[in-house]
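Participant: So here's final_22.csv (CSV, C-alpha atoms).
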chain,number,residue,atom,x,y,z
V,755,MET,CA,284.2,43.3,-58.9
V,756,THR,CA,282.7,44.1,-55.5
V,757,ARG,CA,283.9,46.9,-53.2
V,758,ALA,CA,285.3,44.3,-50.8
V,759,GLU,CA,287.2,42.5,-53.5
V,760,PHE,CA,288.6,45.7,-54.8
V,761,ILE,CA,289.8,46.8,-51.4
V,762,THR,CA,291.2,43.4,-50.6
V,763,ARG,CA,293.3,43.4,-53.8
V,764,LEU,CA,294.4,46.9,-53.3
V,765,ARG,CA,295.5,46.2,-49.8
V,766,ARG,CA,297.3,43.1,-50.9
V,767,GLY,CA,299.1,45.0,-53.6
V,768,LEU,CA,300.2,47.6,-51.1
V,769,SER,CA,301.6,45.1,-48.5
V,770,GLY,CA,305.1,46.0,-47.4
V,771,LEU,CA,304.4,49.7,-47.2
V,772,PRO,CA,304.2,51.4,-43.8
V,773,ALA,CA,300.9,50.5,-42.1
V,774,THR,CA,299.8,54.2,-41.9
V,775,THR,CA,300.4,54.7,-45.6
V,776,ILE,CA,298.3,51.6,-46.4
V,777,ALA,CA,295.5,52.7,-44.1
V,778,ASP,CA,295.5,56.1,-45.6
V,779,ILE,CA,295.3,54.8,-49.2
V,780,VAL,CA,292.6,52.3,-48.3
V,781,ALA,CA,290.6,55.0,-46.5
V,782,ASP,CA,290.8,57.2,-49.7
V,783,HIS,CA,289.3,54.4,-51.8
V,784,GLU,CA,286.7,53.4,-49.1
V,785,ALA,CA,285.6,57.0,-49.1
V,786,HIS,CA,285.4,56.9,-52.9
V,787,PHE,CA,283.0,53.9,-52.8
V,788,ALA,CA,281.0,55.5,-50.0
V,789,ASP,CA,280.6,58.8,-52.0
V,790,ALA,CA,279.7,56.8,-55.1
V,791,GLN,CA,277.1,54.8,-53.2
V,792,ALA,CA,275.6,58.0,-51.9
V,793,ALA,CA,275.3,59.2,-55.5
V,794,GLY,CA,273.4,56.0,-56.3
V,795,ARG,CA,276.1,54.2,-58.4
V,796,PRO,CA,276.4,50.4,-58.2
V,797,GLU,CA,279.6,49.0,-56.7
V,798,ALA,CA,280.7,47.0,-59.7
V,799,GLU,CA,280.5,50.1,-61.9
V,800,VAL,CA,282.6,52.2,-59.4
V,801,ALA,CA,285.2,49.4,-59.2
V,802,ALA,CA,285.5,49.3,-63.0
V,803,ALA,CA,285.8,53.1,-63.2
V,804,LEU,CA,288.6,53.0,-60.6
V,805,GLY,CA,290.6,50.6,-62.7
V,806,ASP,CA,292.7,47.5,-61.9
V,807,PRO,CA,293.5,47.5,-58.2
V,808,ASP,CA,296.8,45.7,-58.8
V,809,ARG,CA,298.0,48.3,-61.2
V,810,LEU,CA,296.8,51.1,-58.9
V,811,ALA,CA,298.7,49.5,-56.0
V,812,ARG,CA,301.9,49.3,-58.1
V,813,GLU,CA,301.7,52.9,-59.0
V,814,LEU,CA,301.0,54.0,-55.4
V,815,ARG,CA,303.8,51.8,-54.1
V,816,ALA,CA,306.3,53.3,-56.6
V,817,GLU,CA,305.2,56.8,-55.5
V,818,ALA,CA,305.6,55.9,-51.8
V,819,GLY,CA,308.9,54.2,-52.4
V,820,LEU,CA,310.4,57.2,-54.1
V,821,LYS,CA,309.2,59.5,-51.4
V,822,GLN,CA,310.8,57.3,-48.7
V,823,TRP,CA,314.1,57.3,-50.5
V,824,GLU,CA,314.0,61.1,-51.0
V,825,GLU,CA,313.3,61.6,-47.3
V,826,LYS,CA,315.7,59.0,-45.9
V,827,LYS,CA,318.7,57.7,-47.9
V,828,THR,CA,319.1,54.3,-46.4
V,829,PRO,CA,320.1,51.2,-48.4
V,830,SER,CA,316.8,49.5,-47.6
V,831,ASN,CA,314.8,52.5,-48.9
V,832,ALA,CA,317.0,52.5,-52.0
V,833,MET,CA,316.2,48.8,-52.6
V,834,ALA,CA,312.5,49.3,-52.0
V,835,ALA,CA,312.4,52.2,-54.5
V,836,ILE,CA,314.2,50.3,-57.2
V,837,ILE,CA,312.1,47.2,-56.7
V,838,ALA,CA,308.9,49.3,-56.9
V,839,LEU,CA,310.1,51.0,-60.0
V,840,ILE,CA,311.0,47.7,-61.7
V,841,GLY,CA,307.5,46.4,-60.8
V,842,LEU,CA,306.0,49.5,-62.6
V,843,GLY,CA,308.1,48.9,-65.7
V,844,ALA,CA,309.7,52.3,-65.2
V,845,ILE,CA,313.2,50.8,-65.1
V,846,ASP,CA,314.1,48.6,-68.0
V,847,VAL,CA,315.4,45.5,-66.2
V,848,MET,CA,317.2,44.2,-69.2
V,849,PHE,CA,319.1,47.3,-69.9
V,850,LEU,CA,319.5,49.2,-66.6
V,851,LEU,CA,319.9,46.4,-64.1
V,852,PRO,CA,323.2,45.0,-65.5
V,853,LEU,CA,324.5,48.5,-65.7
V,854,LEU,CA,323.4,49.2,-62.2
V,855,LEU,CA,324.9,45.9,-60.9
V,856,GLY,CA,328.2,46.8,-62.6
V,857,VAL,CA,328.3,50.1,-60.9
V,858,LEU,CA,327.3,48.7,-57.6
V,859,GLY,CA,329.9,45.9,-58.0
V,860,THR,CA,332.6,48.4,-58.6
V,861,LEU,CA,331.5,50.4,-55.6
V,862,PHE,CA,331.5,47.3,-53.5
V,863,GLY,CA,335.0,46.4,-54.7
V,864,PHE,CA,336.2,49.8,-53.6
V,865,LEU,CA,334.5,49.3,-50.2
V,866,VAL,CA,336.3,46.0,-49.7
V,867,ALA,CA,339.6,47.7,-50.6
V,868,VAL,CA,338.9,50.6,-48.2
V,869,VAL,CA,338.1,48.3,-45.3
V,870,THR,CA,341.2,46.3,-46.0
V,871,ILE,CA,343.4,49.4,-46.0
V,872,PHE,CA,341.8,50.5,-42.8
V,873,PHE,CA,342.7,47.2,-41.1
V,874,VAL,CA,346.2,47.1,-42.5
V,875,GLY,CA,346.6,50.6,-41.2
V,876,GLY,CA,345.3,49.5,-37.8
V,877,PHE,CA,347.7,46.6,-37.7
V,878,ILE,CA,350.7,48.7,-38.6
V,879,PHE,CA,349.6,51.3,-36.0
V,880,ALA,CA,349.3,48.8,-33.3
V,881,ALA,CA,351.9,46.1,-34.1
V,882,GLY,CA,354.4,48.1,-36.2
V,883,PRO,CA,356.3,50.0,-33.5
V,884,LEU,CA,357.0,46.6,-31.7
V,885,THR,CA,358.7,44.9,-34.6
V,886,ALA,CA,361.7,47.3,-35.1
V,887,PRO,CA,360.4,48.5,-38.5
V,888,PRO,CA,362.5,50.4,-41.1
V,889,GLY,CA,362.5,54.1,-40.2
V,890,GLY,CA,361.7,53.5,-36.5
V,891,PRO,CA,358.6,53.0,-34.4
V,892,ILE,CA,357.3,56.6,-34.9
V,893,THR,CA,357.2,56.1,-38.7
V,894,ALA,CA,355.2,52.9,-38.4
V,895,PHE,CA,352.9,54.6,-35.9
V,896,LEU,CA,352.3,57.5,-38.2
V,897,THR,CA,351.9,55.3,-41.4
V,898,GLY,CA,349.3,53.3,-39.6
V,899,ILE,CA,347.3,56.5,-38.6
V,900,GLY,CA,347.7,57.8,-42.1
V,901,LEU,CA,346.4,54.7,-43.8
V,902,MET,CA,343.4,54.6,-41.4
V,903,ALA,CA,342.6,58.2,-42.0
V,904,SER,CA,342.9,57.8,-45.8
V,905,ALA,CA,340.6,54.8,-45.7
V,906,THR,CA,338.0,56.7,-43.7
V,907,PHE,CA,338.2,59.6,-46.1
V,908,VAL,CA,337.8,57.4,-49.2
V,909,GLY,CA,335.0,55.5,-47.4
V,910,SER,CA,332.9,58.7,-46.9
V,911,LEU,CA,333.5,59.7,-50.6
V,912,LEU,CA,332.2,56.2,-51.5
V,913,THR,CA,329.1,56.8,-49.5
V,914,LEU,CA,328.4,60.1,-51.3
V,915,VAL,CA,329.0,58.5,-54.7
V,916,THR,CA,326.6,55.6,-53.9
V,917,VAL,CA,323.9,58.0,-52.7
V,918,GLY,CA,324.5,60.0,-55.9
V,919,VAL,CA,324.1,56.9,-58.1
V,920,PHE,CA,320.8,56.0,-56.5
V,921,ASN,CA,319.5,59.6,-56.8
V,922,ALA,CA,320.3,59.5,-60.4
V,923,VAL,CA,318.5,56.2,-60.9
V,924,VAL,CA,315.4,57.5,-59.1
V,925,TRP,CA,315.5,60.7,-61.0
V,926,TYR,CA,315.8,58.8,-64.3
V,927,ALA,CA,313.0,56.4,-63.4
V,928,ARG,CA,310.7,59.0,-62.2
V,929,LEU,CA,311.0,60.9,-65.4
V,930,HIS,CA,310.1,57.7,-67.3
V,931,PHE,CA,307.4,56.7,-64.8
V,932,ARG,CA,305.6,60.0,-65.5
V,933,LEU,CA,305.8,59.6,-69.2
V,934,LEU,CA,305.0,55.9,-69.0
V,935,LYS,CA,301.8,56.3,-66.9
V,936,PRO,CA,299.4,57.2,-69.7
V,937,ALA,CA,300.2,54.1,-71.7
V,938,MET,CA,300.0,51.9,-68.6
V,939,GLU,CA,296.7,53.1,-67.3
V,940,GLN,CA,295.1,52.5,-70.6
V,941,ALA,CA,295.7,48.8,-70.7
C,549,MET,CA,295.9,56.1,-82.8
C,550,PRO,CA,293.9,59.3,-82.4
C,551,GLU,CA,292.7,57.9,-79.1
C,552,ALA,CA,296.3,57.5,-77.9
C,553,ILE,CA,297.0,61.1,-78.7
C,554,GLU,CA,293.9,62.2,-76.8
C,555,ILE,CA,295.0,60.2,-73.8
C,556,GLN,CA,298.5,61.7,-73.8
C,557,LEU,CA,297.0,65.2,-74.0
C,558,LYS,CA,294.6,64.5,-71.2
C,559,LYS,CA,297.3,63.1,-69.0
C,560,GLY,CA,299.5,66.1,-69.7
C,561,VAL,CA,296.9,68.6,-68.5
C,562,LEU,CA,295.5,66.5,-65.7
C,563,ALA,CA,297.7,68.0,-63.0
C,564,LEU,CA,296.9,71.5,-64.4
C,565,CYS,CA,293.2,70.8,-64.2
C,566,VAL,CA,293.4,69.6,-60.6
C,567,LEU,CA,295.4,72.7,-59.6
C,568,ALA,CA,292.9,74.9,-61.4
C,569,LEU,CA,289.9,73.3,-59.7
C,570,LEU,CA,291.5,73.6,-56.3
C,571,SER,CA,292.3,77.3,-57.0
C,572,HIS,CA,288.5,78.0,-57.1
C,573,ALA,CA,287.7,76.0,-54.0
C,574,ASP,CA,289.1,73.3,-51.7
C,575,SER,CA,287.7,70.0,-52.6
C,576,TYR,CA,287.8,66.2,-51.9
C,577,ALA,CA,289.0,63.4,-54.1
C,578,TYR,CA,285.6,62.1,-55.2
C,579,GLU,CA,284.4,65.5,-56.2
C,580,ILE,CA,287.6,66.2,-58.2
C,581,ALA,CA,287.5,62.7,-59.8
C,582,SER,CA,283.8,63.1,-60.8
C,583,ARG,CA,284.4,66.5,-62.3
C,584,LEU,CA,287.3,65.3,-64.3
C,585,THR,CA,285.5,62.1,-65.4
C,586,ARG,CA,282.5,64.1,-66.5
C,587,ASP,CA,284.3,66.9,-68.4
C,588,ILE,CA,287.4,65.2,-69.8
C,589,ASP,CA,286.6,61.5,-69.4
C,590,MET,CA,289.4,60.6,-67.1
C,591,GLY,CA,289.7,57.2,-65.4
C,592,GLU,CA,288.6,57.8,-61.8
C,593,GLY,CA,291.4,55.8,-60.3
C,594,THR,CA,294.0,58.1,-61.8
C,595,ILE,CA,293.2,60.8,-59.2
C,596,TYR,CA,294.6,59.0,-56.2
C,597,PRO,CA,298.2,58.4,-57.3
C,598,LEU,CA,298.1,61.9,-58.7
C,599,MET,CA,296.9,63.5,-55.5
C,600,ARG,CA,299.6,61.6,-53.5
C,601,ARG,CA,302.3,62.7,-55.8
C,602,MET,CA,301.1,66.4,-55.7
C,603,GLN,CA,301.0,66.1,-52.0
C,604,SER,CA,304.6,64.7,-51.7
C,605,ASP,CA,305.7,67.4,-54.2
C,606,GLY,CA,304.2,70.0,-51.8
C,607,LEU,CA,301.7,71.4,-54.3
C,608,VAL,CA,298.6,70.5,-52.2
C,609,GLU,CA,298.0,69.8,-48.5
C,610,THR,CA,295.1,68.1,-46.8
C,611,TYR,CA,292.8,68.7,-43.8
C,612,LEU,CA,289.9,66.8,-42.4
C,613,VAL,CA,286.4,68.1,-42.2
C,614,GLU,CA,283.8,66.3,-39.9
C,615,SER,CA,280.8,65.0,-41.7
C,616,GLN,CA,277.4,64.0,-40.3
C,617,SER,CA,277.4,60.7,-42.1
C,618,GLY,CA,280.5,58.5,-41.9
C,619,PRO,CA,284.1,59.3,-41.2
C,620,PRO,CA,285.7,62.8,-41.6
C,621,ARG,CA,286.3,63.9,-45.2
C,622,LYS,CA,289.8,64.6,-46.5
C,623,TYR,CA,289.9,68.0,-48.3
C,624,TYR,CA,292.7,69.2,-50.5
C,625,ARG,CA,293.9,72.8,-50.7
C,626,LEU,CA,296.6,74.5,-52.8
C,627,THR,CA,299.8,75.5,-51.1
C,628,ALA,CA,301.8,78.5,-52.1
C,629,ALA,CA,304.0,76.3,-54.2
C,630,GLY,CA,300.8,74.8,-55.8
C,631,ARG,CA,299.6,78.3,-56.7
C,632,GLN,CA,303.0,79.1,-58.3
C,633,SER,CA,303.0,75.9,-60.2
C,634,LEU,CA,299.4,76.6,-61.4
C,635,GLU,CA,300.4,80.0,-62.8
C,636,GLN,CA,303.4,78.6,-64.6
C,637,GLN,CA,301.5,75.6,-66.1
C,638,LYS,CA,298.7,77.9,-67.1
C,639,ALA,CA,301.1,80.1,-69.0
C,640,GLU,CA,302.7,77.1,-70.7
C,641,TRP,CA,299.4,75.7,-71.6
C,642,ALA,CA,298.1,78.9,-73.1
C,643,ALA,CA,301.3,79.3,-75.2
C,644,PHE,CA,301.1,75.7,-76.3
C,645,ALA,CA,297.4,75.9,-77.2
C,646,THR,CA,297.9,79.1,-79.1
C,647,ALA,CA,300.7,77.6,-81.1
C,648,VAL,CA,298.7,74.4,-81.9
C,649,ASN,CA,295.7,76.4,-82.9
C,650,ASP,CA,297.8,78.6,-85.2
C,651,ILE,CA,299.2,75.6,-87.0
C,652,VAL,CA,295.9,73.7,-87.2
C,653,GLY,CA,294.1,76.8,-88.3
C,654,ALA,CA,296.7,77.6,-91.0
C,655,ALA,CA,296.7,74.1,-92.2
C,656,ALA,CA,292.9,74.0,-92.7
As a first step, turn the structure in this file into structure tokens.
Facilitator:
Amino acid sequence: MTRAEFITRLRRGLSGLPATTIADIVADHEAHFADAQAAGRPEAEVAAALGDPDRLARELRAEAGLKQWEEKKTPSNAMAAIIALIGLGAIDVMFLLPLLLGVLGTLFGFLVAVVTIFFVGGFIFAAGPLTAPPGGPITAFLTGIGLMASATFVGSLLTLVTVGVFNAVVWYARLHFRLLKPAMEQA
Amino acid sequence: MPEAIEIQLKKGVLALCVLALLSHADSYAYEIASRLTRDIDMGEGTIYPLMRRMQSDGLVETYLVESQSGPPRKYYRLTAAGRQSLEQQKAEWAAFATAVNDIVGAAA
């Protein structure tokens, strides 16, 4: 493989990462080729010594994905980290994914319930006092506020739990990813 | 099979070796990779994911040094956390090596 081919494949493998990260990684490998050339080594030999650029890209992606998730806990970063880890084989798709989907499904169910309760609360709060409810308008008013407050509270708990679940997955995968690496690089 | 064990061992001590090299002098990736390839027969590509991971773990930091030929060169140096990790891993390695040597020596 030539230097240009290696860099092209590496760059392609990294696509989707922030442009600065890709530029940084590509610059590292360009510098490697330049240093090797200065030492009188042929391009093909250096490319072979660096290993498969696709594999290298997958590993660098996973590392970058985990870092982004650790820095910023957004749903898209969580998704990116999980996908990168699956690409690396650090997450056993057959085993962990159904489990993860089950947990996420449950969390989503709770989310729907919370949103519903919030709106029901809102409705009772706004419309209740006008419909001569049992216990008088004040009771309906307070019930409405109470339901909305409870929904908000459970909603924030839900967010914390979701972040916790993803942290656990990332932690678990990272543990495996470090143990996995030797076997993978060998192939 | 013996090969597989050797690879596992090398991978296990790779981070320790990089930290130790950097504790003697700041260095750049090609120099670190060449040294590790020569002495413990590591794949050169291994160094880049490793250096990024060590950087995101806060064990090393980078700075640029102007060079006469080509673009500025990225050097790595140990952080305080890196030094601490080196000391800890060195102690673990020494204890492990002593234990293995004892067992292997006794078995011979």
Participant: Define the interface residues of chain C facing chain V as those within 9 Å, counting all atoms listed in the file, and report them as a PyMOL selection string.
Facilitator: chain C and resi 552+555-556+558-560+577-579+591-594+596-597+600-601+604+618-619+621-622
Participant: How far is it from atom CA of V:Leu854 to atom CA of V:Phe920, in Å with one decimal?
Facilitator: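 For atom CA of V:Leu854 relative to atom CA of V:Phe920, the distance reads 9.2 Å.
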Participant: Interatomic distance between atom CA of V:Val923 and atom CA of V:Ala905?
Facilitator: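 Answer for the atom CA of V:Val923 to atom CA of V:Ala905 separation: 26.9 Å.
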Participant: Let me make sure I understand: among C:Leu567, C:Val652, C:Ala573, C:Ile595, which one has the smallest atom-to-atom distance to C:Ala628 if we use all atoms listed in the file?
Facilitator: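 Checking each candidate against C:Ala628, we get C:Leu567 as the closest.
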Participant: Counting all atoms listed in the file, what is within 9 Å of C:Leu564, bar same-chain residues fewer than 2 positions away, as number ranges by chain?
Facilitator: C: 560-562, 566-569, 633-634, 637-638, 641
Participant: Could you tell me how far atom CA of V:Gly875 sits from atom CA of V:Met902, in Å to one decimal place?
Facilitator: 5.1 Å
Participant: If we count all atoms listed in the file, what is near V:Ala903 at a cut-off of 12 Å, once residues fewer than 2 positions away on the same chain are taken out, given as a list in words?
Facilitator: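 Once the adjacent positions are removed, what remains is Val868, Val869, Ile871, Phe872, Phe873, Val874, Gly875, Gly876, Phe879, Leu896, Thr897, Gly898, Ile899, Gly900, Leu901, Ala905, Thr906, Phe907, Val908, Gly909 and Ser910 of chain V.
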